[in-house]
Amino acid sequence: MAKIIGGVGTSHIPAIGGAIHKGLQNEPYWKPFFGAFPPIHDWLATARPDVVVMFYNDHGLNFFLDKMPTFAVGAAAQYVSADEGWGIPTQPPVQGCPDLSWQLVNTLVEREFDIVSCQEMLIDHACTLPLKLLWPESGDDWPVRIVPVCINTVQFPLPKASRVYALGKAVGEAVAAWGSDQRVLMVASGGLSHQLDGTRAGHINKGFDLQFMDSLLTNPEWATQFSIHELVEKTGTQGIELLMWLAMRGSLTAAGPSVRKVHSNYHIPISNTATAVMALEV
């Protein structure tokens with residue numbers, strides 16, 4: 001059977017892609033963020049994942065306000081990075097893992113999750129930036145295949161935190177039951193607290209962010225006590241991307257009741273966003 005090796009949560013701010021492209025990782029503004037990744041690189045070099053299940057939110061390449069699925073799973077053989085502006089160069093295509101994709105699709109439908117299965121899917125910075133951050137030397141040769149799991153954090157109605165956690169658990173159980181010897185890494189892309197528009201533009205909630213990160217170690221269902229409106233109030237309209245982290249943590253329960261923190265970092269601000277990274281081993 002497949003082996004879940006752990007999970008990583010990371011911010012995916014578009015400006016990160018520009019910084020990578022311009023080689024600014026060691027500049028004073030950027031070093032507190034990029035400097036957190038070497039211990040995670042070392043862990044990944046030992047853990048050697050073959051496949052990444054990527055919990056992320058699409059930013060308009062596949063779904064827009066007129067068609068917004070709550071949950072969608074990519075089932076393509078290859079995922080192409082499209083030009084979305086922001087000064088981010090497009091990345092080489094990423095190979096998919098259709099066998100695992102359909103394992104997820106079939107399991108989730110059986111578990112009564114009404115999902116959209118996508119046999120063609122473009123990927124944006126929410127997918128490509130975590131890959132660049134985790135494997136910065138990959139160049140044109142990604143060392144992993146991916147299965148994208150898209151969660152709506154863009155337009156109401158948004159899924160409840162408890163529903164997202166349950167989705168993550170079902171994904172993890174599907175991976176654990178996959179008849180393969182592949183090693184699978186769960187990745188959450190997004191967050192933490194930030195709001196980019198409206199009267200609360202610039203909103204950051206450090207206290208809540210740190211409590212949420214701690215809960216992923218000690219009480220992973222902690223955030224499910226809050227309604228989706230309460231979470232938006234606490235984290236901002238874009239900070240609700242913490243749902244990806246909750247799905248990632250839920251998926252790890254299939255490998256055991258506890259996790260070990262490999263490394264974490266929290267930094268304010270990058271582009272008016274509370275940036276974070278956390279790696280968990282099962």
# chains A, B, ... in the order shown; residues from 1 in each chain; ligands from 1
$ residues_around --residues "Arg48 in chain A" --least-positions-apart "5" --cutoff "10 Å" --atoms "only C-alpha atoms" --output "list in words"
Ile5, Trp43, Pro143, Val144, Gln182, Arg183, Val184 and Leu185 of chain A
$ write_last_selection --atoms "N, CA, C and O atoms" --output "tab-separated table (two decimals), in the first residue's frame"
chain	number	residue	atom	x	y	z
A	5	ILE	N	3.92	10.09	4.03
A	5	ILE	CA	5.13	10.41	4.79
A	5	ILE	C	4.98	11.63	5.68
A	5	ILE	O	5.74	11.82	6.64
A	43	TRP	N	14.79	17.37	5.11
A	43	TRP	CA	13.83	16.31	5.45
A	43	TRP	C	13.29	15.64	4.19
A	43	TRP	O	13.21	14.40	4.11
A	143	PRO	N	10.61	16.59	-9.34
A	143	PRO	CA	10.90	15.26	-8.80
A	143	PRO	C	9.67	14.50	-8.33
A	143	PRO	O	9.80	13.38	-7.84
A	144	VAL	N	8.49	15.10	-8.44
A	144	VAL	CA	7.26	14.46	-7.97
A	144	VAL	C	6.17	14.62	-9.02
A	144	VAL	O	6.21	15.51	-9.87
A	182	GLN	N	4.12	3.79	-3.69
A	182	GLN	CA	4.53	5.18	-3.78
A	182	GLN	C	4.49	5.87	-2.40
A	182	GLN	O	3.67	5.53	-1.54
A	183	ARG	N	5.37	6.84	-2.24
A	183	ARG	CA	5.44	7.64	-1.02
A	183	ARG	C	4.76	8.98	-1.31
A	183	ARG	O	5.11	9.65	-2.29
A	184	VAL	N	3.81	9.36	-0.47
A	184	VAL	CA	2.93	10.49	-0.77
A	184	VAL	C	3.09	11.58	0.28
A	184	VAL	O	3.04	11.32	1.49
A	185	LEU	N	3.28	12.80	-0.20
A	185	LEU	CA	3.37	13.99	0.64
A	185	LEU	C	2.11	14.82	0.46
A	185	LEU	O	1.69	15.09	-0.68
$ closest_atom_pairs --of "range 143-251 of chain A" --to "range 73-93 of chain A" --cutoff "10 Å" --atoms "only C-alpha atoms" --output "Markdown table"
| residue | atom | partner | partner_atom | distance |
| --- | --- | --- | --- | --- |
| A:Arg145 | CA | A:Gln78 | CA | 8.8 |
| A:Ile146 | CA | A:Tyr79 | CA | 8.5 |
| A:Val147 | CA | A:Gly74 | CA | 6.0 |
| A:Pro148 | CA | A:Gly74 | CA | 5.1 |
| A:Val149 | CA | A:Val73 | CA | 4.6 |
| A:Cys150 | CA | A:Val73 | CA | 6.2 |
| A:Ile151 | CA | A:Val73 | CA | 9.0 |
$ closest_residue --among "A:Leu100, A:Met121, A:Leu129, A:Ala188" --to "Ile13 in chain A" --atoms "only C-alpha atoms"
A:Leu129
$ select_by_dssp --residues "range 16-262 of chain A" --states "strand (DSSP E)" --output "VMD selection string"
chain A and resid 51 to 56 71 to 74 78 to 81 94 to 95 116 to 118 122 to 123 145 to 151 183 to 189 260 to 262
$ write_last_selection --atoms "C-alpha atoms" --output "short mmCIF file (atom, residue, chain, number, x, y, z; two decimals), in the first residue's frame"
data_model
loop_
_atom_site.label_atom_id
_atom_site.label_comp_id
_atom_site.auth_asym_id
_atom_site.auth_seq_id
_atom_site.Cartn_x
_atom_site.Cartn_y
_atom_site.Cartn_z
CA VAL A 51 3.63 12.03 -5.32
CA VAL A 52 2.20 15.24 -3.86
CA VAL A 53 -1.48 15.67 -3.07
CA MET A 54 -1.87 19.45 -3.35
CA PHE A 55 -4.72 21.13 -1.43
CA TYR A 56 -5.05 24.56 -2.99
CA PHE A 71 -14.37 20.70 -4.25
CA ALA A 72 -12.59 19.59 -7.43
CA VAL A 73 -9.96 16.90 -8.03
CA GLY A 74 -7.52 16.90 -10.93
CA GLN A 78 -0.15 16.46 -17.00
CA TYR A 79 -0.82 19.92 -15.56
CA VAL A 80 0.23 23.01 -17.47
CA SER A 81 1.19 26.26 -15.75
CA VAL A 94 3.94 18.90 -13.87
CA GLN A 95 3.19 15.22 -14.37
CA VAL A 116 -15.90 17.85 -9.82
CA SER A 117 -13.40 15.54 -11.53
CA CYS A 118 -11.16 17.44 -13.97
CA LEU A 122 -4.48 24.42 -15.58
CA ILE A 123 -2.40 25.21 -12.51
CA ARG A 145 3.92 13.92 -9.64
CA ILE A 146 0.88 15.75 -8.32
CA VAL A 147 -2.82 15.28 -7.63
CA PRO A 148 -4.46 18.73 -7.25
CA VAL A 149 -7.40 18.98 -4.84
CA CYS A 150 -9.06 22.37 -5.26
CA ILE A 151 -11.14 23.85 -2.42
CA ARG A 183 5.44 7.64 -1.02
CA VAL A 184 2.93 10.49 -0.77
CA LEU A 185 3.37 13.99 0.64
CA MET A 186 0.31 16.10 1.51
CA VAL A 187 0.77 19.82 0.78
CA ALA A 188 -1.46 22.72 1.84
CA SER A 189 -1.04 25.89 -0.22
CA ARG A 260 6.05 15.29 14.65
CA LYS A 261 6.94 18.86 13.71
CA VAL A 262 9.94 18.88 11.40
#
$ closest_residue --among "A:Ala161, A:Leu231, A:Ile40, A:Leu196" --to "Leu246 in chain A" --atoms "only C-alpha atoms"
A:Ala161
$ closest_residue --among "A:His59, A:Lys160, A:Arg111, A:Lys169" --to "Arg249 in chain A" --atoms "only C-alpha atoms"
A:Lys169
$ closest_residue --among "A:Leu158, A:Leu217, A:Val175, A:Leu65" --to "His229 in chain A" --atoms "only C-alpha atoms"
A:Leu158
$ residues_around --residues "Asp58 in chain A" --least-positions-apart "5" --cutoff "9 Å" --atoms "only C-alpha atoms" --output "list in words"
Phe63, Phe64, Ile123, Asp124, His125, Ala126, Cys127, Cys150, Ile151, Asn152, Thr153 and Val154 of chain A
$ write_last_selection --atoms "N, CA, C and O atoms" --output "PDB file, in the first residue's frame"
ATOM      1  N   PHE A  63     -11.808  27.988 -12.722  1.00  0.00           N
ATOM      2  CA  PHE A  63     -13.137  28.310 -12.217  1.00  0.00           C
ATOM      3  C   PHE A  63     -13.200  29.804 -11.925  1.00  0.00           C
ATOM      4  O   PHE A  63     -12.259  30.377 -11.377  1.00  0.00           O
ATOM      5  N   PHE A  64     -14.333  30.402 -12.287  1.00  0.00           N
ATOM      6  CA  PHE A  64     -14.524  31.819 -11.981  1.00  0.00           C
ATOM      7  C   PHE A  64     -15.844  31.970 -11.232  1.00  0.00           C
ATOM      8  O   PHE A  64     -16.482  30.984 -10.862  1.00  0.00           O
ATOM      9  N   ILE A 123      -2.835  24.916 -13.868  1.00  0.00           N
ATOM     10  CA  ILE A 123      -2.403  25.209 -12.507  1.00  0.00           C
ATOM     11  C   ILE A 123      -1.768  26.585 -12.443  1.00  0.00           C
ATOM     12  O   ILE A 123      -1.098  27.025 -13.365  1.00  0.00           O
ATOM     13  N   ASP A 124      -2.027  27.275 -11.326  1.00  0.00           N
ATOM     14  CA  ASP A 124      -1.491  28.624 -11.145  1.00  0.00           C
ATOM     15  C   ASP A 124      -0.476  28.625 -10.010  1.00  0.00           C
ATOM     16  O   ASP A 124       0.017  27.582  -9.593  1.00  0.00           O
ATOM     17  N   HIS A 125      -0.169  29.841  -9.504  1.00  0.00           N
ATOM     18  CA  HIS A 125       0.873  29.973  -8.489  1.00  0.00           C
ATOM     19  C   HIS A 125       0.577  29.171  -7.221  1.00  0.00           C
ATOM     20  O   HIS A 125       1.495  28.785  -6.506  1.00  0.00           O
ATOM     21  N   ALA A 126      -0.698  28.925  -6.943  1.00  0.00           N
ATOM     22  CA  ALA A 126      -1.033  28.161  -5.735  1.00  0.00           C
ATOM     23  C   ALA A 126      -0.532  26.731  -5.812  1.00  0.00           C
ATOM     24  O   ALA A 126      -0.321  26.089  -4.780  1.00  0.00           O
ATOM     25  N   CYS A 127      -0.319  26.213  -7.016  1.00  0.00           N
ATOM     26  CA  CYS A 127       0.264  24.881  -7.193  1.00  0.00           C
ATOM     27  C   CYS A 127       1.767  24.940  -7.433  1.00  0.00           C
ATOM     28  O   CYS A 127       2.526  24.142  -6.870  1.00  0.00           O
ATOM     29  N   CYS A 150      -8.702  20.950  -5.327  1.00  0.00           N
ATOM     30  CA  CYS A 150      -9.059  22.372  -5.257  1.00  0.00           C
ATOM     31  C   CYS A 150     -10.246  22.573  -4.313  1.00  0.00           C
ATOM     32  O   CYS A 150     -11.261  21.879  -4.421  1.00  0.00           O
ATOM     33  N   ILE A 151     -10.094  23.528  -3.395  1.00  0.00           N
ATOM     34  CA  ILE A 151     -11.139  23.854  -2.424  1.00  0.00           C
ATOM     35  C   ILE A 151     -11.534  25.310  -2.603  1.00  0.00           C
ATOM     36  O   ILE A 151     -10.673  26.189  -2.659  1.00  0.00           O
ATOM     37  N   ASN A 152     -12.812  25.568  -2.695  1.00  0.00           N
ATOM     38  CA  ASN A 152     -13.290  26.941  -2.886  1.00  0.00           C
ATOM     39  C   ASN A 152     -13.074  27.776  -1.631  1.00  0.00           C
ATOM     40  O   ASN A 152     -13.651  27.496  -0.578  1.00  0.00           O
ATOM     41  N   THR A 153     -12.234  28.792  -1.748  1.00  0.00           N
ATOM     42  CA  THR A 153     -12.111  29.805  -0.696  1.00  0.00           C
ATOM     43  C   THR A 153     -12.328  31.185  -1.274  1.00  0.00           C
ATOM     44  O   THR A 153     -11.924  32.192  -0.693  1.00  0.00           O
ATOM     45  N   VAL A 154     -12.976  31.246  -2.434  1.00  0.00           N
ATOM     46  CA  VAL A 154     -13.086  32.493  -3.191  1.00  0.00           C
ATOM     47  C   VAL A 154     -14.463  33.126  -3.058  1.00  0.00           C
ATOM     48  O   VAL A 154     -14.594  34.334  -2.861  1.00  0.00           O
TER      49      VAL A 154
END
$ closest_residue --among "A:Ser258, A:Thr70, A:Asn272, A:Ser251" --to "Leu167 in chain A" --atoms "only C-alpha atoms"
A:Ser251
